[in-house]
file upload_35.cif (mmCIF, C-alpha atoms and all ligand atoms)
data_input
loop_
_atom_site.label_atom_id
_atom_site.label_comp_id
_atom_site.auth_asym_id
_atom_site.auth_seq_id
_atom_site.Cartn_x
_atom_site.Cartn_y
_atom_site.Cartn_z
CA MET A 1 104.41 32.20 -64.96
CA ILE A 2 102.95 30.08 -62.18
CA GLU A 3 106.22 28.10 -62.18
CA GLU A 4 108.15 31.33 -61.79
CA LEU A 5 105.85 32.32 -58.92
CA VAL A 6 106.40 28.96 -57.21
CA ARG A 7 110.18 29.36 -57.56
CA LEU A 8 109.97 32.79 -55.90
CA ILE A 9 107.88 31.38 -53.04
CA GLU A 10 110.33 28.53 -52.48
CA ASN A 11 113.22 30.99 -52.35
CA SER A 12 111.61 33.50 -49.95
CA ASP A 13 111.39 33.09 -46.22
CA SER A 14 109.28 36.15 -45.54
CA ILE A 15 106.15 36.48 -47.65
CA VAL A 16 103.26 38.89 -47.30
CA ALA A 17 99.99 38.82 -49.27
CA LEU A 18 98.09 42.02 -50.07
CA THR A 19 94.53 41.35 -51.19
CA GLY A 20 91.70 43.35 -52.69
CA ALA A 21 88.15 42.82 -53.87
CA GLY A 22 89.21 40.50 -56.73
CA MET A 23 90.18 37.89 -54.13
CA SER A 24 86.49 37.55 -53.19
CA VAL A 25 84.93 37.81 -56.65
CA GLU A 26 84.87 34.02 -57.00
CA CYS A 27 82.99 33.85 -53.66
CA GLY A 28 80.16 35.86 -55.20
CA ILE A 29 81.14 39.26 -53.77
CA ALA A 30 81.13 42.15 -56.24
CA PRO A 31 84.30 44.24 -56.69
CA PHE A 32 84.15 48.05 -56.59
CA ARG A 33 85.47 49.04 -60.02
CA GLY A 34 84.92 47.74 -63.52
CA GLU A 35 81.95 45.96 -64.98
CA GLY A 36 79.44 44.85 -62.34
CA GLY A 37 81.40 46.79 -59.70
CA LEU A 38 79.59 48.42 -56.75
CA TRP A 39 80.61 51.91 -57.81
CA GLU A 40 78.61 51.48 -61.04
CA LYS A 41 75.41 51.34 -58.97
CA PHE A 42 76.43 53.38 -55.94
CA ASN A 43 78.23 56.67 -56.45
CA PRO A 44 80.86 56.51 -53.67
CA GLU A 45 80.51 60.26 -52.94
CA GLU A 46 76.78 59.74 -52.25
CA TYR A 47 76.83 56.39 -50.49
CA ALA A 48 80.29 55.71 -49.08
CA HIS A 49 81.56 59.09 -47.90
CA ILE A 50 81.40 59.90 -44.19
CA ARG A 51 79.82 63.26 -45.07
CA SER A 52 76.95 61.63 -46.93
CA TYR A 53 76.52 59.11 -44.09
CA ARG A 54 76.18 61.97 -41.58
CA ASN A 55 73.58 63.67 -43.83
CA ASP A 56 71.52 60.56 -44.50
CA PRO A 57 72.53 57.26 -42.83
CA SER A 58 69.68 55.38 -44.50
CA LYS A 59 71.23 55.99 -47.93
CA SER A 60 74.62 54.58 -46.92
CA TRP A 61 72.75 51.68 -45.34
CA GLU A 62 71.42 50.69 -48.80
CA LEU A 63 75.04 49.94 -49.71
CA PHE A 64 75.92 48.42 -46.31
CA LYS A 65 72.88 46.11 -46.49
CA LEU A 66 73.87 44.81 -49.90
CA GLN A 67 77.46 44.24 -48.75
CA ILE A 68 76.36 42.50 -45.52
CA GLU A 69 73.94 40.32 -47.48
CA GLU A 70 76.66 39.29 -49.95
CA VAL A 71 79.13 38.49 -47.18
CA THR A 72 76.57 36.52 -45.18
CA ASP A 73 75.93 34.31 -48.21
CA ALA A 74 79.63 33.86 -49.10
CA GLU A 75 82.14 31.15 -48.20
CA PRO A 76 85.91 31.45 -48.68
CA HIS A 77 86.98 29.66 -51.89
CA ALA A 78 89.84 27.18 -52.15
CA GLY A 79 92.32 29.98 -52.90
CA TYR A 80 91.86 31.21 -49.33
CA ASP A 81 92.94 27.79 -48.08
CA VAL A 82 96.03 28.00 -50.28
CA LEU A 83 96.99 31.24 -48.50
CA VAL A 84 96.62 29.39 -45.17
CA ASP A 85 98.79 26.52 -46.49
CA LEU A 86 101.39 29.04 -47.67
CA GLU A 87 102.14 29.81 -44.01
CA GLU A 88 104.25 26.63 -44.10
CA TYR A 89 106.23 28.18 -46.95
CA GLY A 90 106.91 31.48 -45.17
CA LEU A 91 103.72 33.53 -45.55
CA ASP A 92 103.68 35.68 -42.42
CA SER A 93 100.61 37.87 -42.83
CA VAL A 94 97.73 38.83 -45.07
CA ILE A 95 97.11 42.55 -45.45
CA THR A 96 93.64 43.03 -46.88
CA GLN A 97 91.56 45.93 -48.11
CA ASN A 98 88.51 43.66 -47.95
CA VAL A 99 85.89 44.05 -45.26
CA ASP A 100 84.33 40.61 -45.73
CA GLY A 101 86.30 38.72 -43.05
CA LEU A 102 86.90 35.78 -45.40
CA HIS A 103 90.64 35.42 -44.67
CA MET A 104 89.83 35.05 -40.96
CA ARG A 105 87.06 32.56 -41.68
CA ALA A 106 89.45 30.52 -43.84
CA GLY A 107 91.90 30.39 -40.90
CA SER A 108 94.72 32.74 -41.91
CA LYS A 109 96.64 33.36 -38.70
CA ASP A 110 97.57 37.03 -39.07
CA VAL A 111 95.15 39.24 -41.02
CA ILE A 112 95.46 43.02 -41.11
CA GLU A 113 92.16 44.60 -42.13
CA LEU A 114 93.19 47.98 -43.49
CA HIS A 115 89.63 49.10 -44.26
CA GLY A 116 87.93 47.58 -41.20
CA THR A 117 85.24 44.91 -41.17
CA LEU A 118 81.55 44.44 -41.88
CA SER A 119 81.35 41.86 -39.11
CA LYS A 120 81.04 44.53 -36.37
CA LEU A 121 78.73 47.52 -36.00
CA LYS A 122 79.79 50.59 -34.07
CA CYS A 123 78.36 53.81 -32.65
CA ASP A 124 79.96 57.19 -32.00
CA CYS A 125 79.33 56.58 -28.27
CA GLY A 126 81.89 53.72 -28.33
CA TYR A 127 79.42 50.82 -28.41
CA LYS A 128 80.44 47.89 -30.65
CA GLU A 129 78.58 44.67 -31.36
CA ASP A 130 78.62 41.77 -33.80
CA THR A 131 76.68 42.54 -36.97
CA SER A 132 75.02 39.12 -36.67
CA GLU A 133 73.10 40.43 -33.63
CA TYR A 134 71.33 42.93 -35.88
CA LEU A 135 71.09 40.83 -39.05
CA ASP A 136 67.31 40.37 -39.03
CA GLU A 137 66.65 44.12 -38.76
CA ILE A 138 69.22 44.86 -41.45
CA LEU A 139 67.68 42.37 -43.86
CA GLU A 140 64.29 43.99 -43.21
CA ASN A 141 65.78 47.31 -44.45
CA LYS A 142 65.80 48.84 -40.96
CA VAL A 143 68.73 51.00 -39.92
CA PRO A 144 69.96 49.55 -36.61
CA LYS A 145 70.08 51.92 -33.65
CA CYS A 146 72.24 52.04 -30.56
CA ASN A 147 70.70 52.28 -27.06
CA CYS A 148 72.08 55.84 -26.94
CA GLY A 149 69.70 56.78 -29.78
CA SER A 150 72.26 57.18 -32.59
CA TYR A 151 72.44 55.01 -35.68
CA LEU A 152 74.88 52.14 -35.82
CA ARG A 153 77.15 51.59 -38.82
CA PRO A 154 79.61 48.91 -39.89
CA ASP A 155 83.13 49.20 -38.53
CA VAL A 156 84.51 49.96 -42.00
CA VAL A 157 86.55 52.88 -43.25
CA MET A 158 84.41 55.28 -45.28
CA PHE A 159 85.81 57.81 -47.74
CA GLY A 160 86.94 60.88 -45.82
CA GLU A 161 87.94 58.83 -42.76
CA PRO A 162 91.42 57.81 -41.63
CA LEU A 163 92.46 54.14 -41.68
CA PRO A 164 93.00 52.41 -38.31
CA ALA A 165 96.48 53.62 -37.29
CA HIS A 166 97.68 50.30 -35.84
CA ALA A 167 96.72 48.47 -39.07
CA VAL A 168 98.59 51.00 -41.21
CA GLU A 169 101.66 50.80 -38.98
CA ARG A 170 101.77 47.00 -39.16
CA ALA A 171 101.16 46.98 -42.91
CA LEU A 172 104.03 49.43 -43.44
CA GLU A 173 106.36 47.44 -41.22
CA LEU A 174 105.54 44.18 -43.01
CA SER A 175 105.97 45.82 -46.40
CA ARG A 176 109.40 47.16 -45.46
CA ASN A 177 110.59 43.79 -44.19
CA CYS A 178 109.17 41.14 -46.52
CA GLY A 179 111.17 39.38 -49.23
CA LEU A 180 108.16 38.67 -51.44
CA MET A 181 104.80 40.40 -51.71
CA LEU A 182 101.91 38.67 -53.46
CA VAL A 183 99.34 41.22 -54.62
CA LEU A 184 96.03 39.55 -55.33
CA GLY A 185 92.92 41.05 -56.89
CA THR A 186 93.40 44.75 -56.33
CA SER A 187 93.32 47.55 -58.89
CA SER A 188 95.91 49.34 -56.70
CA VAL A 189 94.35 52.77 -57.06
CA VAL A 190 93.31 53.43 -53.44
CA TYR A 191 95.93 54.79 -51.04
CA PRO A 192 97.64 54.03 -48.76
CA ALA A 193 97.16 50.35 -49.72
CA ALA A 194 98.40 51.06 -53.25
CA SER A 195 101.69 52.38 -51.89
CA LEU A 196 102.54 49.15 -50.01
CA PRO A 197 103.94 47.22 -53.02
CA VAL A 198 105.96 50.31 -53.99
CA ILE A 199 107.41 50.54 -50.47
CA ALA A 200 108.09 46.79 -50.40
CA ARG A 201 109.95 46.99 -53.71
CA GLU A 202 111.97 49.99 -52.54
CA HIS A 203 113.06 47.86 -49.58
CA GLY A 204 114.20 45.01 -51.80
CA ALA A 205 111.14 42.74 -52.02
CA LYS A 206 110.04 40.93 -55.16
CA ILE A 207 106.50 41.88 -56.16
CA VAL A 208 104.16 39.42 -57.87
CA GLU A 209 100.63 40.38 -58.81
CA ILE A 210 97.83 37.95 -59.61
CA ASN A 211 95.03 39.56 -61.57
CA PRO A 212 93.08 38.84 -64.76
CA SER A 213 93.51 42.51 -65.81
CA ARG A 214 96.35 44.99 -66.02
CA THR A 215 96.74 47.29 -62.99
CA THR A 216 98.86 50.28 -61.99
CA LEU A 217 101.52 47.77 -60.88
CA THR A 218 101.77 45.98 -64.24
CA GLY A 219 105.05 46.78 -65.97
CA THR A 220 105.96 49.20 -63.17
CA THR A 221 106.19 47.95 -59.59
CA ALA A 222 105.44 44.27 -60.24
CA HIS A 223 108.39 42.04 -61.15
CA LEU A 224 105.90 39.41 -62.32
CA SER A 225 102.26 39.80 -63.34
CA VAL A 226 100.41 36.51 -63.40
CA ASN A 227 97.36 36.84 -65.59
CA GLY A 228 94.51 34.84 -64.09
CA THR A 229 91.93 34.74 -61.36
CA ALA A 230 92.90 34.34 -57.70
CA LEU A 231 91.24 30.94 -57.43
CA ASN A 232 92.78 29.50 -60.60
CA VAL A 233 96.29 30.80 -60.01
CA LEU A 234 96.39 29.80 -56.33
CA LYS A 235 95.06 26.35 -57.13
CA GLY A 236 97.55 25.97 -60.00
CA MET A 237 100.33 27.07 -57.67
CA THR A 238 99.52 24.57 -54.96
CA GLU A 239 99.82 21.70 -57.46
CA LEU A 240 103.43 22.73 -58.19
CA LEU A 241 104.55 23.69 -54.66
CA GLY A 242 106.81 21.18 -52.99
CA LYS A 243 107.38 19.17 -56.20
P1 LIG B 301 88.69 47.11 -57.18
O1 LIG B 301 87.26 46.80 -57.44
O2 LIG B 301 89.18 48.49 -57.42
O3 LIG B 301 89.61 46.14 -58.03
C1 LIG B 301 89.36 44.77 -58.11
C2 LIG B 301 90.51 44.13 -58.85
O4 LIG B 301 90.28 42.72 -58.85
C3 LIG B 301 90.65 44.55 -60.32
O5 LIG B 301 92.00 44.84 -60.60
C4 LIG B 301 90.19 43.32 -61.10
O6 LIG B 301 90.87 43.16 -62.34
C5 LIG B 301 90.58 42.21 -60.15
N1 LIG B 301 89.80 40.98 -60.28
C6 LIG B 301 88.53 40.80 -60.71
N2 LIG B 301 88.17 39.52 -60.64
C7 LIG B 301 89.24 38.84 -60.11
C8 LIG B 301 89.49 37.49 -59.76
N3 LIG B 301 88.57 36.54 -59.92
N4 LIG B 301 90.70 37.18 -59.24
C9 LIG B 301 91.65 38.13 -59.06
N5 LIG B 301 91.45 39.42 -59.37
C10 LIG B 301 90.27 39.78 -59.88
O7 LIG B 301 88.97 46.62 -55.67
P2 LIG B 301 90.14 47.05 -54.68
O8 LIG B 301 91.41 47.27 -55.40
O9 LIG B 301 90.13 46.08 -53.57
O10 LIG B 301 87.75 50.93 -50.22
O11 LIG B 301 89.60 48.43 -54.17
C11 LIG B 301 90.28 49.11 -53.16
C12 LIG B 301 89.35 49.89 -52.32
O12 LIG B 301 88.52 50.71 -53.14
C13 LIG B 301 88.35 49.06 -51.55
O13 LIG B 301 88.85 48.48 -50.38
C14 LIG B 301 87.27 50.06 -51.24
C15 LIG B 301 87.18 50.76 -52.58
O14 LIG B 301 86.80 52.07 -52.56
C16 LIG B 301 86.89 51.52 -49.38
O15 LIG B 301 85.68 51.36 -49.46
C17 LIG B 301 87.53 52.37 -48.34
#
call {"tool": "encode", "arguments": {"input": "upload_35.cif", "output": "structure tokens"}}
result
Amino acid sequence: MIEELVRLIENSDSIVALTGAGMSVECGIAPFRGEGGLWEKFNPEEYAHIRSYRNDPSKSWELFKLQIEEVTDAEPHAGYDVLVDLEEYGLDSVITQNVDGLHMRAGSKDVIELHGTLSKLKCDCGYKEDTSEYLDEILENKVPKCNCGSYLRPDVVMFGEPLPAHAVERALELSRNCGLMLVLGTSSVVYPAASLPVIAREHGAKIVEINPSRTTLTGTTAHLSVNGTALNVLKGMTELLGK
């Protein structure tokens, strides 16, 4: 299957990667669904919905703190470097649902963060600052405050909020125009991200998913489902590329 994937990469000149939480699992960051997933411990309605944040920011901050802690401790694994190297083989952009900033840290040149980023905090008054400036307070379980008096929160998309329009527009455009979409480590159940492989396929792209489990794309939208972890498959792929 990895050989088939390599053949598709070598025959495509416009490749897009779409990543989800599974891409970061091997960096020590928990996914959302399944065993050990964040939604086992944190009911998303209670912790990750904009309504619950407005009612009680300190509760949502229990989740944000854990996520920020995990990301602070994490480094991109070698699979991230493979996605950077794939730029030589026609990978144009990485569309990610992840908020951990790891594709940027690994050096991917064009990253579209559909669900925002944990690396910035923002306030309703328009203030934005690097999360690192508030890290000590956050790790001491304090909820950081803006000078205007309101609470700060990470610049991520919460349930009940729209996605950043420019990110959605770019993701749609890339999906319509790519020849190959690599879908890595996403359960493909959250929209609109889950619709991108469907749109890409409708516009003629080949769809390859890399995931150790079956997803909504398996046997439906995906032309090829490579069963394995992101790190193992990407590393295996790089050994065959260019041979
Ligand atoms: P999920 O937690 O729903 O799915 C993670 C996927 O990664 C599953 O399909 C796993 O089988 C797969 N997986 C696990 N370990 C892997 C590994 N080592 N390598 C490759 N794949 C692996 O995460 P997402 O699909 O990213 O949104 O979730 C989408 C959105 O749902 C998130 O961005 C988040 C959440 O609610 C918001 O918070 C707005």
call {"tool": "residues_around", "arguments": {"input": "upload_35.cif", "residues": "His166 in chain A", "least_positions_apart": "3", "cutoff": "12 Å", "atoms": "all atoms listed in the file", "output": "NGL selection string"}}
result
:A and (112-116 or 162-163 or 169-173)
call {"tool": "axis_aligned_box", "arguments": {"input": "upload_35.cif", "around": "ligand LIG 301 (chain B)", "padding_each_side": "8 Å", "output": "AutoDock Vina command-line options"}}
result
--center_x 88.8 --center_y 44.5 --center_z -55.3 --size_x 22.3 --size_y 31.8 --size_z 30.0
call {"tool": "closest_atom_pairs", "arguments": {"input": "upload_35.cif", "of": "chain A", "to": "ligand LIG 301 (chain B)", "cutoff": "9 Å", "atoms": "only C-alpha atoms and all ligand atoms", "output": "CSV"}}
result
residue,atom,partner,partner_atom,distance
A:Thr19,CA,B:LIG301,O9,6.9
A:Gly20,CA,B:LIG301,O9,3.3
A:Ala21,CA,B:LIG301,O9,3.8
A:Gly22,CA,B:LIG301,O4,3.3
A:Met23,CA,B:LIG301,C9,5.2
A:Ser24,CA,B:LIG301,N3,7.1
A:Val25,CA,B:LIG301,N3,5.1
A:Glu26,CA,B:LIG301,N3,5.3
A:Cys27,CA,B:LIG301,N3,8.8
A:Ala30,CA,B:LIG301,O1,7.8
A:Pro31,CA,B:LIG301,O1,4.0
A:Phe32,CA,B:LIG301,O1,3.5
A:Arg33,CA,B:LIG301,O1,3.9
A:Gly34,CA,B:LIG301,O1,6.6
A:Gly37,CA,B:LIG301,O1,6.3
A:Leu38,CA,B:LIG301,O1,7.9
A:Trp39,CA,B:LIG301,O14,8.1
A:Pro44,CA,B:LIG301,O14,7.5
A:Ala48,CA,B:LIG301,O15,6.9
A:His49,CA,B:LIG301,O15,8.9
A:Thr96,CA,B:LIG301,O13,8.1
A:Gln97,CA,B:LIG301,O13,4.4
A:Asn98,CA,B:LIG301,O13,5.4
A:Val99,CA,B:LIG301,O13,7.4
A:Leu114,CA,B:LIG301,O13,8.2
A:His115,CA,B:LIG301,C17,5.6
A:Gly116,CA,B:LIG301,C17,8.6
A:Val156,CA,B:LIG301,C17,7.4
A:Val157,CA,B:LIG301,C17,5.2
A:Met158,CA,B:LIG301,C17,5.3
A:Phe159,CA,B:LIG301,C17,5.7
A:Gly160,CA,B:LIG301,C17,8.9
A:Glu161,CA,B:LIG301,C17,8.5
A:Leu163,CA,B:LIG301,C17,8.5
A:Leu184,CA,B:LIG301,C9,5.9
A:Gly185,CA,B:LIG301,N5,3.3
A:Thr186,CA,B:LIG301,O8,3.3
A:Ser187,CA,B:LIG301,O5,3.5
A:Ser188,CA,B:LIG301,O8,5.1
A:Val189,CA,B:LIG301,O8,6.5
A:Val190,CA,B:LIG301,C11,5.3
A:Tyr191,CA,B:LIG301,C11,8.3
A:Ala193,CA,B:LIG301,C11,7.8
A:Ala194,CA,B:LIG301,O8,8.2
A:Ile210,CA,B:LIG301,C9,6.2
A:Asn211,CA,B:LIG301,N5,4.2
A:Pro212,CA,B:LIG301,O6,5.4
A:Ser213,CA,B:LIG301,O6,4.4
A:Arg214,CA,B:LIG301,O6,6.8
A:Thr215,CA,B:LIG301,O5,5.8
A:Thr216,CA,B:LIG301,O5,8.9
A:Asn227,CA,B:LIG301,C9,8.8
A:Gly228,CA,B:LIG301,N4,6.6
A:Thr229,CA,B:LIG301,N4,3.5
A:Ala230,CA,B:LIG301,N4,3.9
A:Leu231,CA,B:LIG301,N4,6.5
A:Asn232,CA,B:LIG301,N4,8.1
A:Val233,CA,B:LIG301,N4,8.5
call {"tool": "residues_around", "arguments": {"input": "upload_35.cif", "residues": "range 126-131 of chain A", "least_positions_apart": "5", "cutoff": "8 Å", "atoms": "only C-alpha atoms", "output": "list in words"}}
result
Leu118, Ser119, Lys120, Leu121, Cys146 and Pro154 of chain A
call {"tool": "write_last_selection", "arguments": {"input": "upload_35.cif", "atoms": "C-alpha atoms", "output": "CSV table (one decimal), in the frame of the given file"}}
result
chain,number,residue,atom,x,y,z
A,118,LEU,CA,81.6,44.4,-41.9
A,119,SER,CA,81.4,41.9,-39.1
A,120,LYS,CA,81.0,44.5,-36.4
A,121,LEU,CA,78.7,47.5,-36.0
A,146,CYS,CA,72.2,52.0,-30.6
A,154,PRO,CA,79.6,48.9,-39.9
call {"tool": "closest_residue", "arguments": {"input": "upload_35.cif", "among": "A:Met237, A:Leu8, A:Cys125, A:Ala74", "to": "Tyr151 in chain A", "atoms": "only C-alpha atoms"}}
result
A:Cys125
call {"tool": "closest_residue", "arguments": {"input": "upload_35.cif", "among": "A:Leu18, A:Met104, A:Leu5, A:Ile95", "to": "Ser225 in chain A", "atoms": "all atoms listed in the file"}}
result
A:Leu5
call {"tool": "residues_near_point", "arguments": {"input": "upload_35.cif", "point": "(103.7, 28.1, -45.9)", "cutoff": "10 Å", "atoms": "only C-alpha atoms", "output": "list in words"}}
result
Ile9, Glu10, Asp13, Ser14, Ile15, Val82, Leu83, Val84, Asp85, Leu86, Glu87, Glu88, Tyr89, Gly90, Leu91, Asp92 and Leu241 of chain A
call {"tool": "build_atoms", "arguments": {"input": "upload_35.cif", "residues": "range 200-210 of chain A", "atoms": "all heavy atoms", "output": "short mmCIF file (atom, residue, chain, number, x, y, z; two decimals), in the frame of the given file"}}
result
data_model
loop_
_atom_site.label_atom_id
_atom_site.label_comp_id
_atom_site.auth_asym_id
_atom_site.auth_seq_id
_atom_site.Cartn_x
_atom_site.Cartn_y
_atom_site.Cartn_z
N ALA A 200 107.43 48.10 -50.51
CA ALA A 200 108.09 46.79 -50.40
C ALA A 200 109.21 46.67 -51.43
O ALA A 200 110.32 46.23 -51.12
CB ALA A 200 107.06 45.68 -50.58
N ARG A 201 108.92 47.08 -52.65
CA ARG A 201 109.95 46.99 -53.71
C ARG A 201 111.15 47.88 -53.39
O ARG A 201 112.29 47.48 -53.56
CB ARG A 201 109.35 47.35 -55.07
CG ARG A 201 110.38 47.20 -56.18
CD ARG A 201 109.80 47.32 -57.56
NE ARG A 201 110.91 47.36 -58.50
CZ ARG A 201 110.92 46.81 -59.69
NH1 ARG A 201 109.86 46.18 -60.13
NH2 ARG A 201 111.98 46.91 -60.47
N GLU A 202 110.86 49.09 -52.90
CA GLU A 202 111.97 49.99 -52.54
C GLU A 202 112.87 49.38 -51.47
O GLU A 202 114.04 49.70 -51.38
CB GLU A 202 111.41 51.32 -52.01
CG GLU A 202 110.97 52.25 -53.11
CD GLU A 202 110.16 53.45 -52.58
OE1 GLU A 202 110.00 53.57 -51.33
OE2 GLU A 202 109.67 54.23 -53.41
N HIS A 203 112.28 48.50 -50.64
CA HIS A 203 113.06 47.86 -49.58
C HIS A 203 113.57 46.48 -50.01
O HIS A 203 113.95 45.67 -49.17
CB HIS A 203 112.24 47.78 -48.29
CG HIS A 203 112.12 49.11 -47.61
ND1 HIS A 203 111.27 50.08 -48.04
CD2 HIS A 203 112.77 49.62 -46.54
CE1 HIS A 203 111.40 51.15 -47.27
NE2 HIS A 203 112.31 50.89 -46.35
N GLY A 204 113.53 46.21 -51.29
CA GLY A 204 114.20 45.01 -51.80
C GLY A 204 113.32 43.81 -52.06
O GLY A 204 113.82 42.75 -52.45
N ALA A 205 112.01 43.91 -51.81
CA ALA A 205 111.14 42.74 -52.02
C ALA A 205 110.84 42.52 -53.50
O ALA A 205 110.85 43.46 -54.29
CB ALA A 205 109.83 42.92 -51.25
N LYS A 206 110.58 41.25 -53.84
CA LYS A 206 110.04 40.93 -55.16
C LYS A 206 108.52 41.11 -55.08
O LYS A 206 107.90 40.76 -54.06
CB LYS A 206 110.33 39.47 -55.51
CG LYS A 206 111.80 39.19 -55.73
CD LYS A 206 112.20 39.54 -57.16
CE LYS A 206 113.64 39.15 -57.43
NZ LYS A 206 114.33 40.09 -58.29
N ILE A 207 107.94 41.63 -56.14
CA ILE A 207 106.50 41.88 -56.16
C ILE A 207 105.87 41.05 -57.27
O ILE A 207 106.27 41.14 -58.44
CB ILE A 207 106.18 43.37 -56.43
CG1 ILE A 207 107.02 44.30 -55.55
CG2 ILE A 207 104.68 43.64 -56.29
CD1 ILE A 207 106.79 44.19 -54.06
N VAL A 208 104.89 40.22 -56.88
CA VAL A 208 104.16 39.42 -57.87
C VAL A 208 102.68 39.77 -57.76
O VAL A 208 102.12 39.72 -56.66
CB VAL A 208 104.32 37.91 -57.60
CG1 VAL A 208 103.51 37.10 -58.62
CG2 VAL A 208 105.79 37.51 -57.67
N GLU A 209 102.07 40.15 -58.87
CA GLU A 209 100.63 40.38 -58.81
C GLU A 209 99.89 39.27 -59.53
O GLU A 209 100.38 38.69 -60.51
CB GLU A 209 100.24 41.76 -59.38
CG GLU A 209 100.52 41.94 -60.85
CD GLU A 209 99.88 43.20 -61.43
OE1 GLU A 209 98.96 43.76 -60.82
OE2 GLU A 209 100.32 43.60 -62.52
N ILE A 210 98.70 38.96 -59.02
CA ILE A 210 97.83 37.95 -59.61
C ILE A 210 96.51 38.64 -59.90
O ILE A 210 95.82 39.11 -58.98
CB ILE A 210 97.64 36.77 -58.63
CG1 ILE A 210 99.00 36.09 -58.36
CG2 ILE A 210 96.61 35.77 -59.17
CD1 ILE A 210 99.00 35.11 -57.21
#
